[in-house]
$ cat target.cif   # mmCIF, C-alpha atoms
data_work
loop_
_atom_site.label_atom_id
_atom_site.label_comp_id
_atom_site.auth_asym_id
_atom_site.auth_seq_id
_atom_site.Cartn_x
_atom_site.Cartn_y
_atom_site.Cartn_z
CA GLU A 1 -6.20 8.97 17.25
CA LEU A 2 -3.64 8.95 20.06
CA VAL A 3 -1.92 12.05 18.68
CA THR A 4 -5.27 13.82 18.37
CA GLU A 5 -6.20 12.99 21.97
CA GLU A 6 -2.83 14.27 23.22
CA LEU A 7 -3.27 17.54 21.33
CA LYS A 8 -6.74 18.01 22.82
CA LYS A 9 -5.17 18.03 26.31
CA LEU A 10 -3.16 21.18 25.54
CA PRO A 11 -4.71 24.39 26.94
CA ASN A 12 -3.89 26.54 23.89
CA VAL A 13 -5.26 24.25 21.18
CA THR A 14 -8.66 24.69 19.54
CA PHE A 15 -10.03 22.25 16.97
CA HIS A 16 -12.01 23.47 13.96
CA TYR A 17 -13.56 20.72 11.84
CA GLU A 18 -13.86 22.21 8.37
CA GLU A 19 -12.32 21.92 4.93
CA ILE A 20 -9.46 24.31 4.24
CA THR A 21 -9.15 25.39 0.61
CA LYS A 22 -7.26 28.68 1.07
CA LEU A 23 -4.33 29.45 3.36
CA ASP A 24 -4.14 32.54 5.60
CA LEU A 25 -0.42 33.17 5.98
CA SER A 26 -0.77 36.18 8.28
CA LYS A 27 0.26 33.78 11.06
CA PRO A 28 2.46 30.65 11.18
CA THR A 29 0.65 27.85 9.37
CA ILE A 30 1.55 24.16 9.20
CA VAL A 31 0.03 22.16 6.35
CA ALA A 32 0.01 18.46 7.25
CA THR A 33 -2.80 17.18 5.08
CA GLY A 34 -1.23 13.89 4.10
CA PRO A 35 -1.16 11.85 0.88
CA LEU A 36 -4.87 12.39 0.14
CA THR A 37 -4.81 16.21 0.18
CA SER A 38 -7.96 17.55 -1.48
CA ASP A 39 -7.86 18.86 -5.03
CA ALA A 40 -8.73 22.40 -3.88
CA LEU A 41 -5.89 22.62 -1.36
CA SER A 42 -3.52 20.92 -3.78
CA GLU A 43 -4.23 23.69 -6.28
CA GLU A 44 -3.63 26.31 -3.57
CA MET A 45 -0.28 24.68 -2.73
CA ARG A 46 0.65 24.48 -6.39
CA ALA A 47 -0.07 28.19 -6.84
CA LEU A 48 2.01 29.13 -3.78
CA LEU A 49 4.97 26.91 -4.63
CA GLY A 50 4.99 27.77 -8.30
CA GLY A 51 5.37 24.16 -9.40
CA ASP A 52 3.65 20.82 -9.54
CA ASN A 53 3.04 18.67 -6.52
CA LEU A 54 4.49 15.22 -7.00
CA HIS A 55 2.28 12.18 -6.71
CA PHE A 56 1.93 8.62 -7.89
CA TYR A 57 -0.76 6.01 -7.50
CA ASP A 58 0.11 3.46 -4.84
CA ALA A 59 -1.53 0.08 -4.24
CA SER A 60 -1.96 -2.11 -1.16
CA ALA A 61 -2.44 -5.86 -0.83
CA PRO A 62 -5.33 -7.79 0.76
CA ILE A 63 -5.20 -9.01 4.37
CA VAL A 64 -6.67 -12.36 5.46
CA ASP A 65 -7.76 -13.78 8.81
CA GLY A 66 -5.06 -16.22 9.93
CA GLU A 67 -7.57 -18.60 11.50
CA THR A 68 -9.23 -19.17 8.10
CA ILE A 69 -6.01 -20.19 6.30
CA ASP A 70 -5.87 -23.93 5.54
CA LYS A 71 -2.58 -24.68 7.32
CA SER A 72 -2.58 -28.26 5.98
CA LYS A 73 -1.78 -26.75 2.56
CA THR A 74 1.05 -24.50 3.78
CA PHE A 75 4.56 -24.70 5.20
CA THR A 76 6.60 -22.18 7.18
CA ALA A 77 10.14 -21.44 6.06
CA GLY A 78 12.47 -18.61 5.19
CA ARG A 79 13.95 -18.54 1.71
CA TYR A 80 17.08 -20.74 1.54
CA GLY A 81 16.50 -21.54 5.22
CA LYS A 82 17.84 -18.14 6.24
CA GLY A 83 16.34 -15.82 8.82
CA GLU A 84 13.25 -16.48 10.89
CA SER A 85 10.34 -18.43 9.44
CA ASP A 86 7.97 -15.47 9.60
CA TYR A 87 6.23 -16.36 6.35
CA ILE A 88 3.43 -18.81 5.73
CA ASN A 89 4.13 -20.32 2.32
CA CYS A 90 1.22 -21.41 0.13
CA PRO A 91 2.50 -23.73 -2.62
CA MET A 92 0.79 -24.19 -5.98
CA ASN A 93 1.34 -26.90 -8.56
CA LYS A 94 1.55 -26.22 -12.29
CA GLU A 95 -2.17 -26.71 -13.01
CA GLU A 96 -3.24 -24.59 -10.02
CA TYR A 97 -0.84 -21.80 -10.92
CA TYR A 98 -1.84 -21.46 -14.59
CA ALA A 99 -5.57 -21.64 -13.74
CA PHE A 100 -4.96 -18.87 -11.21
CA ILE A 101 -3.08 -16.73 -13.77
CA ASP A 102 -5.85 -17.14 -16.36
CA ALA A 103 -8.45 -16.01 -13.80
CA LEU A 104 -6.27 -13.14 -12.60
CA VAL A 105 -5.62 -11.53 -16.00
CA SER A 106 -9.28 -11.81 -17.04
CA ALA A 107 -10.74 -10.55 -13.74
CA GLU A 108 -12.70 -7.30 -13.67
CA ARG A 109 -10.69 -4.29 -12.54
CA VAL A 110 -11.72 -0.94 -11.11
CA GLU A 111 -11.86 1.52 -14.00
CA MET A 112 -8.96 3.96 -13.84
CA HIS A 113 -9.01 7.57 -14.96
CA SER A 114 -6.84 8.41 -17.94
CA PHE A 115 -4.49 10.53 -15.82
CA GLU A 116 -3.89 7.61 -13.44
CA LYS A 117 -2.69 5.13 -16.03
CA LYS A 118 0.77 6.65 -16.44
CA GLU A 119 1.38 7.22 -12.75
CA ILE A 120 1.60 3.70 -11.31
CA PHE A 121 4.72 3.33 -9.19
CA GLU A 122 6.77 0.43 -10.59
CA GLY A 123 7.61 -0.76 -7.08
CA CYS A 124 3.90 -1.21 -6.29
CA MET A 125 2.74 -2.66 -9.61
CA PRO A 126 -0.68 -4.32 -9.30
CA VAL A 127 -0.36 -8.11 -9.39
CA GLU A 128 -2.81 -8.42 -12.30
CA VAL A 129 -0.70 -5.99 -14.37
CA MET A 130 2.43 -8.04 -13.66
CA ALA A 131 0.59 -11.24 -14.60
CA SER A 132 -0.54 -9.73 -17.91
CA ARG A 133 3.10 -9.36 -18.95
CA GLY A 134 3.44 -13.12 -19.28
CA LYS A 135 2.16 -16.31 -17.69
CA ASP A 136 5.42 -16.95 -15.86
CA THR A 137 6.08 -13.38 -14.77
CA LEU A 138 4.79 -13.97 -11.22
CA ARG A 139 6.84 -17.17 -10.94
CA TYR A 140 9.94 -15.03 -11.40
CA GLY A 141 8.55 -12.31 -9.15
CA PRO A 142 6.52 -12.41 -5.92
CA LEU A 143 5.50 -16.07 -6.45
CA ARG A 144 9.03 -17.35 -7.17
CA PRO A 145 9.62 -20.77 -5.57
CA VAL A 146 13.44 -20.62 -5.47
CA GLY A 147 14.96 -21.33 -2.07
CA LEU A 148 11.75 -22.85 -0.73
CA VAL A 149 11.10 -26.55 -0.14
CA CYS A 150 7.84 -28.12 1.02
CA ASP A 151 7.75 -30.22 4.18
CA ASP A 152 7.80 -33.39 2.05
CA GLY A 153 11.04 -32.29 0.39
CA THR A 154 9.53 -31.34 -2.97
CA ARG A 155 9.97 -27.97 -4.65
CA PRO A 156 6.71 -26.16 -5.43
CA PHE A 157 5.93 -24.80 -8.89
CA ALA A 158 4.97 -21.42 -7.39
CA VAL A 159 4.58 -20.05 -3.86
CA VAL A 160 2.31 -17.34 -2.48
CA GLN A 161 3.75 -15.94 0.74
CA LEU A 162 1.74 -14.58 3.66
CA ARG A 163 3.41 -12.15 6.06
CA LYS A 164 2.34 -11.32 9.60
CA GLU A 165 0.38 -8.10 9.69
CA SER A 166 0.12 -8.03 13.49
CA THR A 167 2.16 -9.31 16.42
CA GLU A 168 -0.68 -11.57 17.56
CA ASN A 169 -0.44 -13.43 14.21
CA GLU A 170 -4.17 -13.32 13.52
CA LEU A 171 -3.82 -11.20 10.36
CA TYR A 172 -1.69 -11.91 7.29
CA ASN A 173 -0.80 -9.76 4.27
CA ILE A 174 -0.60 -11.49 0.86
CA VAL A 175 2.93 -10.52 -0.18
CA GLY A 176 3.23 -8.77 -3.55
CA PHE A 177 -0.54 -8.79 -4.18
CA GLN A 178 -1.12 -5.07 -4.58
CA THR A 179 -4.20 -4.95 -6.75
CA ASN A 180 -6.82 -2.86 -8.51
CA LEU A 181 -9.33 -5.71 -8.92
CA LYS A 182 -12.90 -5.16 -7.78
CA PHE A 183 -13.51 -6.54 -4.28
CA GLY A 184 -15.71 -9.42 -5.41
CA GLU A 185 -13.10 -10.44 -7.97
CA GLN A 186 -10.36 -10.38 -5.35
CA LYS A 187 -12.36 -12.81 -3.22
CA ARG A 188 -13.07 -15.08 -6.21
CA VAL A 189 -9.59 -15.14 -7.74
CA PHE A 190 -7.41 -15.12 -4.63
CA SER A 191 -9.51 -17.91 -3.12
CA MET A 192 -8.16 -20.11 -5.94
CA ILE A 193 -4.88 -20.28 -4.01
CA PRO A 194 -5.27 -23.71 -2.34
CA ALA A 195 -4.47 -22.57 1.20
CA LEU A 196 -6.90 -19.65 0.82
CA ASN A 197 -9.90 -21.60 -0.56
CA ASN A 198 -11.95 -20.70 2.51
CA ALA A 199 -10.01 -17.67 3.71
CA GLU A 200 -11.82 -14.67 5.13
CA PHE A 201 -10.59 -11.35 3.73
CA VAL A 202 -10.64 -8.71 6.45
CA LYS A 203 -9.38 -6.05 4.04
CA PHE A 204 -9.26 -5.99 0.26
CA GLY A 205 -6.47 -4.39 -1.76
CA VAL A 206 -6.96 -0.84 -3.02
CA MET A 207 -5.21 1.78 -5.12
CA HIS A 208 -4.88 5.31 -3.79
CA ARG A 209 -3.21 8.59 -4.60
CA ASN A 210 0.03 9.35 -2.76
CA SER A 211 0.75 13.10 -2.83
CA TYR A 212 3.93 14.76 -1.61
CA ILE A 213 6.15 17.69 -2.52
CA CYS A 214 9.79 17.72 -3.60
CA ALA A 215 11.18 18.61 -0.15
CA PRO A 216 14.79 19.38 -1.19
CA LYS A 217 13.45 21.91 -3.68
CA TYR A 218 10.80 23.58 -1.54
CA LEU A 219 11.69 23.12 2.16
CA ASN A 220 14.32 24.39 4.57
CA SER A 221 15.72 22.04 7.23
CA ASP A 222 13.04 23.19 9.73
CA PHE A 223 10.21 22.26 7.30
CA SER A 224 9.53 25.93 6.48
CA VAL A 225 8.86 26.69 2.82
CA LYS A 226 11.66 28.51 1.05
CA GLY A 227 10.77 32.10 0.21
CA ILE A 228 7.33 32.07 1.88
CA ASP A 229 6.97 33.41 5.43
CA ASN A 230 4.81 31.57 7.96
CA LEU A 231 4.29 28.45 5.84
CA TYR A 232 5.46 25.03 7.00
CA ILE A 233 4.73 21.59 5.57
CA ALA A 234 4.82 18.47 7.74
CA GLY A 235 3.71 14.84 7.65
CA GLN A 236 3.61 12.65 4.58
CA LEU A 237 2.94 15.67 2.36
CA SER A 238 6.52 16.77 3.14
CA GLY A 239 7.90 13.54 1.68
CA VAL A 240 8.37 11.40 4.79
CA GLU A 241 6.55 8.08 5.01
CA GLY A 242 5.04 6.21 7.94
CA TYR A 243 3.44 7.20 11.25
CA MET A 244 6.68 7.69 13.19
CA GLU A 245 8.28 9.92 10.56
CA SER A 246 5.08 11.93 10.07
CA THR A 247 4.66 12.51 13.80
CA ALA A 248 8.33 13.45 14.18
CA SER A 249 8.15 15.96 11.33
CA GLY A 250 5.13 17.57 13.00
CA LEU A 251 7.02 17.85 16.28
CA ILE A 252 9.94 19.52 14.52
#
$ encode --input "target.cif" --output "structure tokens"
Amino acid sequence: ELVTEELKKLPNVTFHYEEITKLDLSKPTIVATGPLTSDALSEEMRALLGGDNLHFYDASAPIVDGETIDKSKTFTAGRYGKGESDYINCPMNKEEYYAFIDALVSAERVEMHSFEKKEIFEGCMPVEVMASRGKDTLRYGPLRPVGLVCDDGTRPFAVVQLRKESTENELYNIVGFQTNLKFGEQKRVFSMIPALNNAEFVKFGVMHRNSYICAPKYLNSDFSVKGIDNLYIAGQLSGVEGYMESTASGLI
């Protein structure tokens, strides 16, 4: 929004709010349509570049209201006592953990298209998919208790970690809980974590397409497309990630 407002202040900028499905390359054109580029424009880009756009399906984790976390059932600590204690740790005993796993693997998921099923990025594997690989998979993954000790000196069976999502500490991300569960199921299952029994979810986890091109193959160092005059690609579509990088690539 800030970038848009700054651009509106420039005397030689005119905004047209319409879908672009074809590119007019009679003048310099920057395509910065991001990871959710429409199918029509994706096809146009594919035809121009002579190859496939790259994409995988990414997933994000739920975010909870910090004031609704039951702090009496948590402890703050960095793993092995190292670094700052930026995480809220939510311990689970054996019975709580296995009940949670049973609910997680049987919960109702959003139906995926056939072409999506092969394109899940391993680094953002949905938590329910990880759990389906074995009851102890999460205990050796995002819920591993190693290096963490409760305030009473005991070692938890499993630990769900919450990470600050904002500097004011009122929002927390559930670490490693990328998910494709339906929203109602996320509320039901994730509320089984003792510290989150009454937690308010301000955002549920979602899966989304993440489109980008193979920049080394298609782009010059100034973001112009190799072999095509007047065409530039910027933003996340060019392969950078994050607001700072996307804005910088647009400036270049």
$ residues_around --input "target.cif" --residues "A:Gly184" --least-positions-apart "6" --cutoff "12 Å" --atoms "all atoms listed in the file" --output "PDB file with C-alpha atoms, in the coordinates of the input"
ATOM      1  CA  ALA A 107     -10.740 -10.550 -13.740  1.00  0.00           C
ATOM      2  CA  GLU A 108     -12.700  -7.300 -13.670  1.00  0.00           C
ATOM      3  CA  ARG A 109     -10.690  -4.290 -12.540  1.00  0.00           C
ATOM      4  CA  VAL A 110     -11.720  -0.940 -11.110  1.00  0.00           C
ATOM      5  CA  PHE A 190      -7.410 -15.120  -4.630  1.00  0.00           C
ATOM      6  CA  SER A 191      -9.510 -17.910  -3.120  1.00  0.00           C
ATOM      7  CA  PHE A 201     -10.590 -11.350   3.730  1.00  0.00           C
ATOM      8  CA  LYS A 203      -9.380  -6.050   4.040  1.00  0.00           C
ATOM      9  CA  PHE A 204      -9.260  -5.990   0.260  1.00  0.00           C
ATOM     10  CA  GLY A 205      -6.470  -4.390  -1.760  1.00  0.00           C
TER      11      GLY A 205
END
$ residues_around --input "target.cif" --residues "A:Gly147" --least-positions-apart "4" --cutoff "8 Å" --atoms "all atoms listed in the file" --output "list in words"
Arg79, Tyr80 and Gly81 of chain A
$ write_last_selection --input "target.cif" --atoms "C-alpha atoms" --output "short mmCIF file (atom, residue, chain, number, x, y, z; two decimals), in the frame of the given file"
data_model
loop_
_atom_site.label_atom_id
_atom_site.label_comp_id
_atom_site.auth_asym_id
_atom_site.auth_seq_id
_atom_site.Cartn_x
_atom_site.Cartn_y
_atom_site.Cartn_z
CA ARG A 79 13.95 -18.54 1.71
CA TYR A 80 17.08 -20.74 1.54
CA GLY A 81 16.50 -21.54 5.22
#
$ residues_around --input "target.cif" --residues "A:Pro35" --least-positions-apart "6" --cutoff "8 Å" --atoms "all atoms listed in the file" --output "PDB file with C-alpha atoms, keeping the file's coordinate frame"
ATOM      1  CA  ARG A 209      -3.210   8.590  -4.600  1.00  0.00           C
ATOM      2  CA  ASN A 210       0.030   9.350  -2.760  1.00  0.00           C
ATOM      3  CA  SER A 211       0.750  13.100  -2.830  1.00  0.00           C
ATOM      4  CA  TYR A 212       3.930  14.760  -1.610  1.00  0.00           C
ATOM      5  CA  GLN A 236       3.610  12.650   4.580  1.00  0.00           C
ATOM      6  CA  LEU A 237       2.940  15.670   2.360  1.00  0.00           C
TER       7      LEU A 237
END
$ resolve_selection --input "target.cif" --expression "the PyMOL selection byres ((chain A and resi 33) around 10)" --output "number ranges by chain"
A: 20, 30-32, 34-38, 41-42, 211-212, 233-238
$ resolve_selection --input "target.cif" --expression "the PyMOL selection byres ((chain A and resi 26) around 12)" --output "list in words"
Leu23, Asp24, Leu25, Lys27, Pro28, Thr29, Ile228, Asp229, Asn230 and Leu231 of chain A
$ residues_near_point --input "target.cif" --point "(-1.3, -21.5, -6.2)" --cutoff "9 Å" --atoms "all atoms listed in the file" --output "list in words"
Cys90, Pro91, Met92, Asn93, Lys94, Glu95, Glu96, Tyr97, Tyr98, Ala99, Phe100, Leu143, Phe157, Ala158, Val159, Val160, Phe190, Met192, Ile193, Pro194 and Ala195 of chain A
$ closest_residue --input "target.cif" --among "A:Thr4, A:Asp152, A:Ile101, A:Arg144" --to "A:Phe75" --atoms "only C-alpha atoms"
A:Asp152
$ closest_residue --input "target.cif" --among "A:Met125, A:Val105, A:Ile63, A:Leu196" --to "A:Asn173" --atoms "all atoms listed in the file"
A:Ile63
$ atom_distance --input "target.cif" --atom1 "atom CA of A:Val64" --atom2 "atom CA of A:Asp102"
22.4 Å
$ axis_aligned_box --input "target.cif" --around "stretch 229-241 of chain A" --padding-each-side "5 Å" --output "lines of an AutoDock Vina configuration file"
center_x = 5.7
center_y = 20.7
center_z = 4.8
size_x = 15.4
size_y = 35.3
size_z = 16.3
$ resolve_selection --input "target.cif" --expression "the PyMOL selection byres ((chain A and resi 87) around 7)" --output "list in words"
Thr76, Ala77, Gly78, Ser85, Asp86, Ile88, Asn89, Gln161, Leu162 and Arg163 of chain A
$ residues_around --input "target.cif" --residues "A:Met207" --least-positions-apart "5" --cutoff "6 Å" --atoms "only C-alpha atoms" --output "ChimeraX atom specification"
/A:58-59,180
$ closest_residue --input "target.cif" --among "A:Lys8, A:Arg133, A:Leu171, A:Ala248" --to "A:Asp222" --atoms "all atoms listed in the file"
A:Ala248
$ closest_residue --input "target.cif" --among "A:Pro11, A:Gly176, A:Gly50, A:Pro62" --to "A:Lys217" --atoms "all atoms listed in the file"
A:Gly50
$ closest_residue --input "target.cif" --among "A:Ile213, A:Val240, A:Leu219, A:Ala103" --to "A:Met45" --atoms "all atoms listed in the file"
A:Ile213
$ atom_distance --input "target.cif" --atom1 "atom CA of A:Ile69" --atom2 "atom CA of A:Glu200"
8.1 Å
$ atom_distance --input "target.cif" --atom1 "atom CA of A:Asp70" --atom2 "atom CA of A:Cys124"
27.4 Å
